[in-house]
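Shown here: run_28.cif, mmCIF, C-alpha atoms and all ligand atoms.
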```
data_target
#
loop_
_atom_site.label_atom_id
_atom_site.label_comp_id
_atom_site.auth_asym_id
_atom_site.auth_seq_id
_atom_site.Cartn_x
_atom_site.Cartn_y
_atom_site.Cartn_z
CA MET A 501 0.00 0.00 0.00
CA GLU A 502 2.95 2.38 0.44
CA PHE A 503 3.45 2.23 -3.29
CA TYR A 504 -0.19 3.20 -3.80
CA GLU A 505 0.03 6.07 -1.30
CA ALA A 506 3.15 7.41 -2.99
CA LEU A 507 1.65 7.27 -6.47
CA TYR A 508 -1.61 8.73 -5.19
CA THR A 509 0.17 11.72 -3.62
CA GLN A 510 2.04 12.26 -6.88
CA CYS A 511 -1.20 12.13 -8.87
CA VAL A 512 -3.03 14.53 -6.56
CA THR A 513 -0.17 17.03 -6.82
CA GLN A 514 -0.38 16.89 -10.62
CA PHE A 515 -4.17 17.09 -10.44
CA ASP A 516 -4.06 20.15 -8.15
CA ALA A 517 -1.65 21.87 -10.52
CA TYR A 518 -4.12 21.44 -13.40
CA VAL A 519 -6.99 22.70 -11.22
CA ASP A 520 -5.00 25.78 -10.18
CA ALA A 521 -4.06 26.51 -13.77
CA GLY A 522 -7.66 26.01 -14.88
CA THR A 523 -6.54 23.41 -17.43
CA LEU A 524 -8.05 20.28 -15.92
CA MET A 525 -10.25 19.26 -18.84
CA ASN A 526 -7.52 20.15 -21.37
CA ASN A 527 -5.41 17.49 -19.73
CA TYR A 528 -8.15 14.89 -19.59
CA ALA A 529 -6.07 12.18 -21.29
CA HIS A 530 -3.25 12.61 -18.80
CA ILE A 531 -5.65 12.55 -15.83
CA PHE A 532 -7.23 9.41 -17.25
CA ASP A 533 -3.78 7.88 -17.53
CA LEU A 534 -3.04 8.72 -13.88
CA LEU A 535 -6.29 7.02 -12.91
CA THR A 536 -5.34 3.95 -14.95
CA ARG A 537 -1.98 3.76 -13.15
CA LEU A 538 -3.70 4.03 -9.78
CA ARG A 539 -6.12 1.25 -10.71
CA GLN A 540 -3.20 -0.92 -11.80
CA VAL A 541 -1.26 -0.34 -8.57
CA VAL A 542 -4.32 -1.45 -6.60
CA ASP A 543 -4.17 -4.75 -8.52
CA HIS A 544 -0.43 -5.16 -8.11
CA PRO A 545 2.41 -2.60 -7.82
CA TYR A 546 4.42 -4.55 -10.45
CA LEU A 547 1.93 -3.43 -13.10
CA VAL A 548 3.26 0.10 -12.81
CA ALA A 549 6.79 -0.57 -11.58
CA TYR A 550 7.50 -2.99 -14.46
CA SER A 551 5.22 -1.51 -17.07
CA LYS A 552 6.61 -1.58 -20.59
CA THR A 553 6.12 2.15 -20.89
CA VAL A 554 7.99 3.23 -17.77
CA GLY A 555 9.46 6.58 -18.74
CA HIS A 556 7.02 6.96 -21.64
CA PRO A 557 3.93 8.30 -19.89
CA GLU A 558 2.38 9.39 -23.18
CA GLY A 559 2.42 5.85 -24.52
CA MET A 560 4.55 4.28 -27.16
CA LYS A 561 4.34 5.40 -30.74
CA ASN A 562 3.63 2.54 -33.04
CA GLU A 563 6.51 2.59 -35.49
CA GLY A 564 4.54 0.95 -38.24
CA ASN A 565 6.57 -2.23 -37.97
CA GLU A 566 4.07 -4.98 -38.72
CA SER A 567 5.80 -7.57 -36.58
CA MET A 568 6.13 -5.32 -33.55
CA GLU A 569 3.90 -6.19 -30.65
CA SER A 570 1.66 -3.19 -30.15
CA GLN A 571 1.41 -1.59 -26.78
CA CYS A 572 -1.97 -0.16 -25.79
CA GLY A 573 -1.67 3.56 -24.99
CA ILE A 574 -4.42 3.26 -22.37
CA CYS A 575 -3.80 0.12 -20.32
CA HIS A 576 -0.07 -0.09 -21.20
CA ASN A 577 -0.43 -3.82 -21.71
CA LEU A 578 0.02 -5.71 -24.95
CA ALA A 579 -2.84 -4.41 -27.07
CA GLU A 580 -5.71 -6.85 -27.63
CA ASP A 581 -8.07 -6.71 -30.58
CA VAL A 582 -5.77 -3.93 -31.77
CA VAL A 583 -6.92 -0.61 -33.17
CA VAL A 584 -4.28 1.54 -34.84
CA THR A 585 -5.41 5.13 -35.23
CA SER A 586 -4.65 7.42 -38.16
CA CYS A 587 -2.06 9.10 -35.91
CA ASP A 588 -0.34 5.69 -35.56
CA HIS A 589 -1.21 5.07 -31.93
CA ALA A 590 -2.28 1.58 -30.90
CA PHE A 591 -4.98 0.63 -28.41
CA CYS A 592 -7.07 -2.32 -27.37
CA LYS A 593 -10.40 -1.78 -29.06
CA THR A 594 -12.23 -2.23 -25.74
CA CYS A 595 -9.90 0.19 -23.93
CA LEU A 596 -10.65 2.84 -26.54
CA ILE A 597 -14.41 2.25 -26.24
CA ASP A 598 -14.25 2.40 -22.44
CA TYR A 599 -12.15 5.59 -22.62
CA SER A 600 -14.37 7.24 -25.21
CA ALA A 601 -17.46 6.54 -23.12
CA THR A 602 -16.01 8.55 -20.24
CA LEU A 603 -15.07 11.42 -22.53
CA GLY A 604 -18.22 11.59 -24.63
CA ASN A 605 -16.23 11.91 -27.84
CA VAL A 606 -13.30 10.12 -29.42
CA SER A 607 -9.97 11.84 -29.45
CA CYS A 608 -6.68 9.99 -29.38
CA PRO A 609 -5.70 9.36 -25.73
CA SER A 610 -2.04 9.60 -26.70
CA CYS A 611 -1.96 12.76 -28.82
CA SER A 612 -5.50 14.26 -28.55
CA ILE A 613 -6.09 14.28 -32.32
CA PRO A 614 -9.84 13.85 -32.88
CA LEU A 615 -10.67 10.41 -34.20
CA THR A 616 -13.54 10.04 -36.61
CA VAL A 617 -14.14 6.35 -36.13
CA ASP A 618 -17.23 4.37 -35.37
CA LEU A 619 -16.28 1.91 -32.67
CA THR A 620 -19.66 0.24 -32.68
CA THR A 621 -19.12 -1.36 -36.07
CA GLN A 622 -16.79 -4.25 -36.65
CA ASN A 623 -13.68 -3.57 -38.70
CA SER A 624 -14.41 0.07 -39.38
CA VAL A 625 -11.97 1.25 -36.80
CA GLY A 626 -9.15 3.65 -37.53
CA LYS A 627 -6.73 3.08 -40.35
CA VAL A 628 -5.99 -0.59 -39.85
CA THR A 629 -7.26 -3.34 -37.64
CA ARG A 630 -4.85 -6.16 -37.28
CA SER A 631 -4.21 -8.91 -34.84
CA VAL A 632 -0.99 -9.38 -32.99
CA LYS A 633 0.91 -12.41 -34.15
CA GLY A 634 3.04 -14.72 -32.12
CA ARG A 635 3.47 -15.64 -28.51
CA LYS A 636 3.60 -13.21 -25.66
CA CYS A 637 7.35 -13.51 -25.16
CA SER A 638 7.68 -10.00 -23.78
CA GLY A 639 5.21 -10.33 -20.92
CA ILE A 640 5.55 -8.71 -17.54
CA LEU A 641 7.09 -11.82 -15.94
CA SER A 642 10.10 -11.50 -18.24
CA ARG A 643 10.61 -7.92 -17.04
CA LEU A 644 10.73 -8.79 -13.33
CA PRO A 645 14.29 -8.80 -12.00
CA SER A 646 13.74 -12.08 -10.16
CA LEU A 647 10.91 -14.59 -10.02
CA VAL A 648 12.34 -16.06 -6.81
CA ASP A 649 11.55 -12.84 -4.96
CA PHE A 650 8.11 -12.60 -6.55
CA LYS A 651 5.58 -11.05 -4.20
CA THR A 652 1.84 -11.45 -4.51
CA SER A 653 -0.58 -8.63 -3.77
CA THR A 654 -3.54 -8.17 -1.44
CA LYS A 655 -5.91 -8.95 -4.28
CA ILE A 656 -4.07 -12.04 -5.44
CA ASP A 657 -3.99 -13.38 -1.87
CA ALA A 658 -7.72 -12.75 -1.51
CA LEU A 659 -8.39 -14.47 -4.83
CA ARG A 660 -6.35 -17.50 -3.83
CA ASP A 661 -8.32 -17.79 -0.57
CA GLU A 662 -11.60 -17.61 -2.48
CA ILE A 663 -10.46 -20.28 -4.94
CA ARG A 664 -9.37 -22.58 -2.12
CA ASN A 665 -12.80 -22.07 -0.51
CA MET A 666 -14.46 -22.86 -3.80
CA ILE A 667 -12.55 -26.13 -4.18
CA GLU A 668 -13.14 -27.09 -0.54
CA HIS A 669 -16.90 -26.74 -0.96
CA ASP A 670 -17.06 -28.52 -4.29
CA GLY A 671 -14.24 -30.75 -5.38
CA SER A 672 -15.06 -30.26 -9.06
CA ALA A 673 -15.82 -26.52 -9.06
CA LYS A 674 -14.20 -24.23 -11.61
CA GLY A 675 -13.94 -20.47 -11.81
CA ILE A 676 -13.36 -17.70 -14.33
CA VAL A 677 -11.17 -14.75 -13.37
CA PHE A 678 -11.61 -11.44 -15.21
CA SER A 679 -9.22 -8.53 -15.31
CA GLN A 680 -8.84 -5.60 -17.65
CA PHE A 681 -5.08 -5.94 -17.53
CA THR A 682 -3.45 -8.95 -19.18
CA SER A 683 -0.24 -8.30 -17.26
CA PHE A 684 -2.26 -8.80 -14.09
CA LEU A 685 -3.57 -12.10 -15.46
CA ASP A 686 0.07 -13.16 -15.96
CA LEU A 687 0.90 -12.30 -12.34
CA ILE A 688 -2.20 -14.14 -11.08
CA GLN A 689 -1.34 -17.20 -13.13
CA PHE A 690 2.21 -17.27 -11.79
CA SER A 691 1.01 -16.89 -8.18
CA LEU A 692 -1.75 -19.49 -8.39
CA GLU A 693 0.42 -22.07 -10.12
CA ARG A 694 3.06 -21.55 -7.45
CA SER A 695 0.29 -22.59 -5.03
CA SER A 696 -0.46 -25.65 -7.17
CA ILE A 697 -3.68 -24.24 -8.62
CA LYS A 698 -3.65 -24.96 -12.34
CA CYS A 699 -4.83 -22.21 -14.69
CA VAL A 700 -5.30 -21.52 -18.36
CA GLN A 701 -5.42 -18.08 -19.87
CA LEU A 702 -7.30 -16.51 -22.74
CA ASN A 703 -6.26 -13.11 -24.02
CA GLY A 704 -6.33 -11.10 -27.21
CA ALA A 705 -2.68 -11.76 -27.98
CA MET A 706 -3.37 -15.45 -28.59
CA ASN A 707 -4.20 -16.86 -31.99
CA ILE A 708 -7.32 -18.91 -32.70
CA THR A 709 -5.54 -22.24 -32.12
CA GLU A 710 -4.16 -21.15 -28.76
CA LYS A 711 -7.54 -19.80 -27.67
CA GLY A 712 -9.19 -23.04 -28.70
CA ARG A 713 -6.62 -25.06 -26.78
CA SER A 714 -7.19 -22.97 -23.62
CA ILE A 715 -10.96 -23.40 -23.78
CA ASP A 716 -10.60 -27.11 -24.48
CA THR A 717 -8.23 -27.67 -21.55
CA PHE A 718 -10.46 -25.77 -19.13
CA THR A 719 -13.58 -27.58 -20.32
CA HIS A 720 -12.25 -31.13 -20.33
CA ASP A 721 -9.32 -31.35 -17.91
CA ALA A 722 -10.56 -31.64 -14.31
CA ASP A 723 -7.17 -30.54 -12.97
CA TYR A 724 -7.52 -27.06 -14.44
CA ARG A 725 -9.69 -25.08 -12.03
CA VAL A 726 -9.18 -21.52 -13.15
CA PHE A 727 -9.76 -19.76 -16.45
CA LEU A 728 -7.99 -16.39 -16.59
CA MET A 729 -9.74 -14.25 -19.06
CA SER A 730 -9.38 -10.86 -20.64
CA LEU A 731 -12.75 -9.42 -21.62
CA LYS A 732 -10.95 -7.65 -24.43
CA ALA A 733 -10.24 -10.82 -26.35
CA GLY A 734 -12.67 -10.30 -29.19
CA GLY A 735 -14.09 -12.66 -31.74
CA VAL A 736 -14.20 -15.89 -29.83
CA ALA A 737 -17.29 -17.94 -29.10
CA LEU A 738 -17.29 -19.06 -25.52
CA ASN A 739 -19.21 -21.84 -23.94
CA LEU A 740 -17.77 -22.02 -20.47
CA THR A 741 -20.68 -23.69 -18.76
CA VAL A 742 -18.33 -25.83 -16.67
CA ALA A 743 -17.61 -22.76 -14.52
CA SER A 744 -19.74 -22.02 -11.47
CA HIS A 745 -17.77 -19.09 -10.07
CA VAL A 746 -16.80 -15.71 -11.49
CA PHE A 747 -14.11 -13.52 -9.95
CA GLN A 748 -13.92 -9.90 -11.08
CA MET A 749 -10.57 -8.42 -10.23
CA ASP A 750 -11.11 -4.76 -11.20
CA PRO A 751 -13.96 -2.36 -12.03
CA TRP A 752 -14.45 -0.94 -15.52
CA TRP A 753 -15.31 2.68 -16.13
CA ASN A 754 -18.39 1.82 -18.03
CA PRO A 755 -20.42 -1.03 -16.51
CA ALA A 756 -22.27 -1.36 -19.83
CA VAL A 757 -19.03 -2.36 -21.60
CA GLU A 758 -18.24 -4.83 -18.84
CA ASN A 759 -21.70 -6.38 -18.93
CA GLN A 760 -21.66 -6.66 -22.70
CA ALA A 761 -18.41 -8.58 -22.59
CA GLN A 762 -19.62 -10.87 -19.82
CA ASP A 763 -22.88 -11.52 -21.62
CA ARG A 764 -20.88 -13.31 -24.27
CA ILE A 765 -20.25 -15.96 -21.65
CA HIS A 766 -23.48 -16.03 -19.68
CA ARG A 767 -25.79 -15.99 -22.65
CA ILE A 768 -24.60 -19.32 -23.98
CA GLY A 769 -26.64 -22.06 -22.36
CA GLN A 770 -25.81 -21.27 -18.76
CA PHE A 771 -28.25 -22.99 -16.46
CA LYS A 772 -26.20 -23.39 -13.29
CA PRO A 773 -26.34 -20.52 -10.79
CA ILE A 774 -23.13 -18.55 -10.87
CA LYS A 775 -21.47 -17.18 -7.78
CA SER A 776 -19.85 -13.86 -8.58
CA THR A 777 -17.20 -12.19 -6.44
CA ARG A 778 -15.85 -8.70 -7.02
CA PHE A 779 -12.57 -7.63 -5.45
CA VAL A 780 -12.41 -4.00 -4.36
CA ILE A 781 -9.67 -2.52 -2.20
CA LYS A 782 -11.00 -0.20 0.46
CA ASP A 783 -9.93 3.46 0.55
CA THR A 784 -8.59 3.45 -2.99
CA VAL A 785 -9.65 4.90 -6.32
CA GLU A 786 -11.60 1.67 -6.92
CA GLU A 787 -14.07 2.51 -4.18
CA CYS A 788 -14.48 5.98 -5.66
CA ILE A 789 -15.15 4.54 -9.12
CA LEU A 790 -17.91 2.27 -7.80
CA GLN A 791 -19.43 5.12 -5.78
CA LEU A 792 -19.35 7.36 -8.83
CA GLN A 793 -21.04 4.69 -10.94
CA GLN A 794 -23.82 4.41 -8.35
CA LYS A 795 -24.19 8.17 -8.10
CA LYS A 796 -24.48 8.54 -11.85
CA GLN A 797 -26.89 5.63 -12.08
CA LEU A 798 -29.17 7.38 -9.58
CA VAL A 799 -29.07 10.64 -11.51
CA PHE A 800 -29.96 8.92 -14.77
CA GLU A 801 -32.72 6.85 -13.21
CA GLY A 802 -34.36 10.16 -12.30
CA THR A 803 -34.37 11.40 -15.89
CA VAL A 804 -37.11 10.69 -18.41
CA GLY A 805 -36.61 9.06 -21.77
CA ASP A 806 -33.53 7.37 -23.14
CA SER A 807 -31.01 7.28 -20.37
CA PRO A 808 -27.41 7.40 -21.50
CA ASP A 809 -24.79 4.99 -20.21
CA PRO A 810 -24.47 5.53 -16.47
CA MET A 811 -20.76 6.21 -16.70
CA SER A 812 -20.71 8.40 -19.77
CA LYS A 813 -18.75 11.63 -19.63
CA LEU A 814 -16.58 12.22 -16.63
CA THR A 815 -17.11 15.86 -15.69
CA GLU A 816 -14.72 18.11 -13.83
CA ALA A 817 -16.76 17.45 -10.68
CA ASP A 818 -16.46 13.69 -11.27
CA LEU A 819 -12.70 13.92 -11.60
CA LYS A 820 -12.53 15.92 -8.38
CA PHE A 821 -14.66 13.27 -6.71
CA LEU A 822 -12.28 10.54 -7.90
CA PHE A 823 -9.33 12.40 -6.43
CA GLN A 824 -11.40 13.20 -3.34
CA ILE A 825 -10.62 16.90 -3.31
ZN ZN B 901 -5.60 -1.59 -23.54
ZN ZN B 902 -2.62 9.65 -31.51
#
```

How does the structure come out when it is put into structure tokens?
Ligand SMILES: [Zn+2]
Ligand SMILES: [Zn+2]
Amino acid sequence: MEFYEALYTQCVTQFDAYVDAGTLMNNYAHIFDLLTRLRQVVDHPYLVAYSKTVGHPEGMKNEGNESMESQCGICHNLAEDVVVTSCDHAFCKTCLIDYSATLGNVSCPSCSIPLTVDLTTQNSVGKVTRSVKGRKCSGILSRLPSLVDFKTSTKIDALRDEIRNMIEHDGSAKGIVFSQFTSFLDLIQFSLERSSIKCVQLNGAMNITEKGRSIDTFTHDADYRVFLMSLKAGGVALNLTVASHVFQMDPWWNPAVENQAQDRIHRIGQFKPIKSTRFVIKDTVEECILQLQQKKQLVFEGTVGDSPDPMSKLTEADLKFLFQI
């Protein structure tokens, strides 16, 4: 938590400076980035300390090299279901949708150039849509100085306890773990497997064969209890009815985007009741995000007619609420 406190103090200082200068909304993308970092630190400090873009807060420019693994300018993980904008910045499609929903329009989070793209339609996004080829050889685990000294986090410990409970109550139970950050899924997988809990992962950096193999293993191999899943992995039909538990590791900005992604799983012939657990760390930005979602939901429930997404458009007041000033 010291790491969180330190980063939080740093963010508030930056935030205050923008408020004093009257330039808060001009620096929306940077504020959003600070919030993303805070959310990542709550998951695990490694996500920020060993981020690929340490020292490149504005995100990495995609150099147009087709074989290069694209880094998402929003979540700073390997981009999934990649969108490359006309200004050559790469993002996960879902990250860009989630970001745009909070802003109310689409401008590039990395360079603020307005984007005239329709994210609701398949394959009409930006200049090119392409998938990332090859294995994730440059994952966060390879950037840690030592795996021997690997430390878990509060959330990972809590997840492991929940999974052990699950298995104790039902010897054949299986669970799906969701996170917005694939690097976090890597850390979870490493931690759980160190505790002899077998996992498979599905993320947007995998090809169709690898995805199929993951789903097959989870469905048919009784030893594999946990399916680690990125909701950003597009274009895959999922029938994960063997799972009876869902673990949500972090909140999204826009609950509608989160629900849509989860519907892809629940809709398909699920008849068993699902136990869902959400992990939220007290006194952090996560609590503020959930409170803000509720607050906005209440406001919109009071309005007549078509209600917009509960989390659309973060106003200046919302940002101040998130930083609790
Ligand atoms: Zn992303
Ligand atoms: Zn850009």

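In this structure, CA of Asp516 in chain A sits 23.8 Å away from CA of Gly573 in chain A.
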
- Item | Residues within 9 Å of ligand ZN 902 (chain B), counting all atoms listed in the file, as a list in words | Lys561, Gly573, Val584, Thr585, Ser586, Cys587, Asp588, His589, Ala590, Ser607, Cys608, Pro609, Ser610, Cys611, Ser612, Ile613, Pro614 and Leu615 of chain A

- Counting all atoms listed in the file, name the residues that have an atom within 8 Å of an atom of ligand ZN 901 (chain B); the answer should be given as a PyMOL selection string. chain A and resi 571-580+591-596+680-681

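The shortest atom-to-atom distance to Val542 in chain A, with all atoms listed in the file taken into account, belongs to A:Tyr508 out of A:Phe650, A:Phe747, A:Phe823, A:Tyr508.
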
Quick one: what's the axis-aligned box for range 673-676 of chain A, all listed atoms, 8 Å on every side, centre and edges in Å to one decimal, as AutoDock Vina command-line options?
```
--center_x -14.6 --center_y -22.1 --center_z -11.7 --size_x 18.5 --size_y 24.8 --size_z 21.3
```

- Message: To one decimal place in Å, what is the distance between CA of Phe727 in chain A and CA of Ile676 in chain A?
- Response: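 According to the coordinates, CA of Phe727 in chain A and CA of Ile676 in chain A are separated by 4.7 Å.
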
- Write out as a ChimeraX atom specification each polymer residue whose atoms come within 12 Å of Arg537 in chain A, counting all atoms listed in the file; drop sequence neighbours fewer than 4 positions from it. /A:503-504,506-508,510-511,530-533,541-551,553-554,557,573-577,681,785-786

- Query: Just how far from CA of Val780 in chain A is CA of Thr654 in chain A, in Å to one decimal?
  - Reply: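 Those two atoms sit 10.2 Å apart.
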
- Message: Calculated over only C-alpha atoms, which of the candidates A:His720, A:Lys651, A:Lys782, A:Lys796 has the smallest distance to Thr815 in chain A?
- Response: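 Ranked by minimum distance to Thr815 in chain A, first place goes to A:Lys796.
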
- Message: Calculated over all atoms listed in the file, which of the candidates A:Leu603, A:Ser672, A:Met501, A:Leu659 has the smallest distance to Leu685 in chain A?
- Response: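 The closest residue to Leu685 in chain A is A:Leu659.
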
Might you pull out every residue within 12 Å of Leu647 in chain A, with all atoms listed in the file counted and same-chain residues fewer than 6 positions away left off, and present them as a PDB file with C-alpha atoms, in the coordinates of the input?
```pdb
ATOM      1  CA  TYR A 546       4.420  -4.550 -10.450  1.00  0.00           C
ATOM      2  CA  ILE A 640       5.550  -8.710 -17.540  1.00  0.00           C
ATOM      3  CA  LEU A 641       7.090 -11.820 -15.940  1.00  0.00           C
ATOM      4  CA  LEU A 687       0.900 -12.300 -12.340  1.00  0.00           C
ATOM      5  CA  PHE A 690       2.210 -17.270 -11.790  1.00  0.00           C
ATOM      6  CA  SER A 691       1.010 -16.890  -8.180  1.00  0.00           C
ATOM      7  CA  ARG A 694       3.060 -21.550  -7.450  1.00  0.00           C
TER       8      ARG A 694
END
```

- Name the closest residue to Met749 in chain A among the candidates A:Ala722, A:Ile789, A:Leu702, A:Ile656; distances are taken between atoms, counting only C-alpha atoms.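 The answer is A:Ile656, which sits nearest to Met749 in chain A.
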
- Query: If we count all atoms listed in the file, what is near Met525 in chain A at a cut-off of 12 Å, once residues fewer than 3 positions away on the same chain are taken out, given as a ChimeraX atom specification?
  - Reply: /A:515,518-519,521-522,528-532,603,612,813-820

- Task: Determine, counting only C-alpha atoms, which protein, DNA and RNA residues have an atom within 10 Å of an atom of Val677 in chain A; residues of the same chain fewer than 4 positions away are not included. Present the result as number ranges by chain.
- Result: A: 659, 685, 688, 699, 701, 726-731, 745-749, 776-778

Output for the residues just chosen: C-alpha atoms as a short mmCIF file (atom, residue, chain, number, x, y, z; two decimals), in the coordinates of the input:
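Written file, again04.cif:
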```
data_model
loop_
_atom_site.label_atom_id
_atom_site.label_comp_id
_atom_site.auth_asym_id
_atom_site.auth_seq_id
_atom_site.Cartn_x
_atom_site.Cartn_y
_atom_site.Cartn_z
CA LEU A 659 -8.39 -14.47 -4.83
CA LEU A 685 -3.57 -12.10 -15.46
CA ILE A 688 -2.20 -14.14 -11.08
CA CYS A 699 -4.83 -22.21 -14.69
CA GLN A 701 -5.42 -18.08 -19.87
CA VAL A 726 -9.18 -21.52 -13.15
CA PHE A 727 -9.76 -19.76 -16.45
CA LEU A 728 -7.99 -16.39 -16.59
CA MET A 729 -9.74 -14.25 -19.06
CA SER A 730 -9.38 -10.86 -20.64
CA LEU A 731 -12.75 -9.42 -21.62
CA HIS A 745 -17.77 -19.09 -10.07
CA VAL A 746 -16.80 -15.71 -11.49
CA PHE A 747 -14.11 -13.52 -9.95
CA GLN A 748 -13.92 -9.90 -11.08
CA MET A 749 -10.57 -8.42 -10.23
CA SER A 776 -19.85 -13.86 -8.58
CA THR A 777 -17.20 -12.19 -6.44
CA ARG A 778 -15.85 -8.70 -7.02
#
```

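Each of A:Asn739, A:Val700, A:Asn665, A:Gln540 was compared to Ser683 in chain A using all atoms listed in the file, and A:Gln540 turns out to be the nearest.
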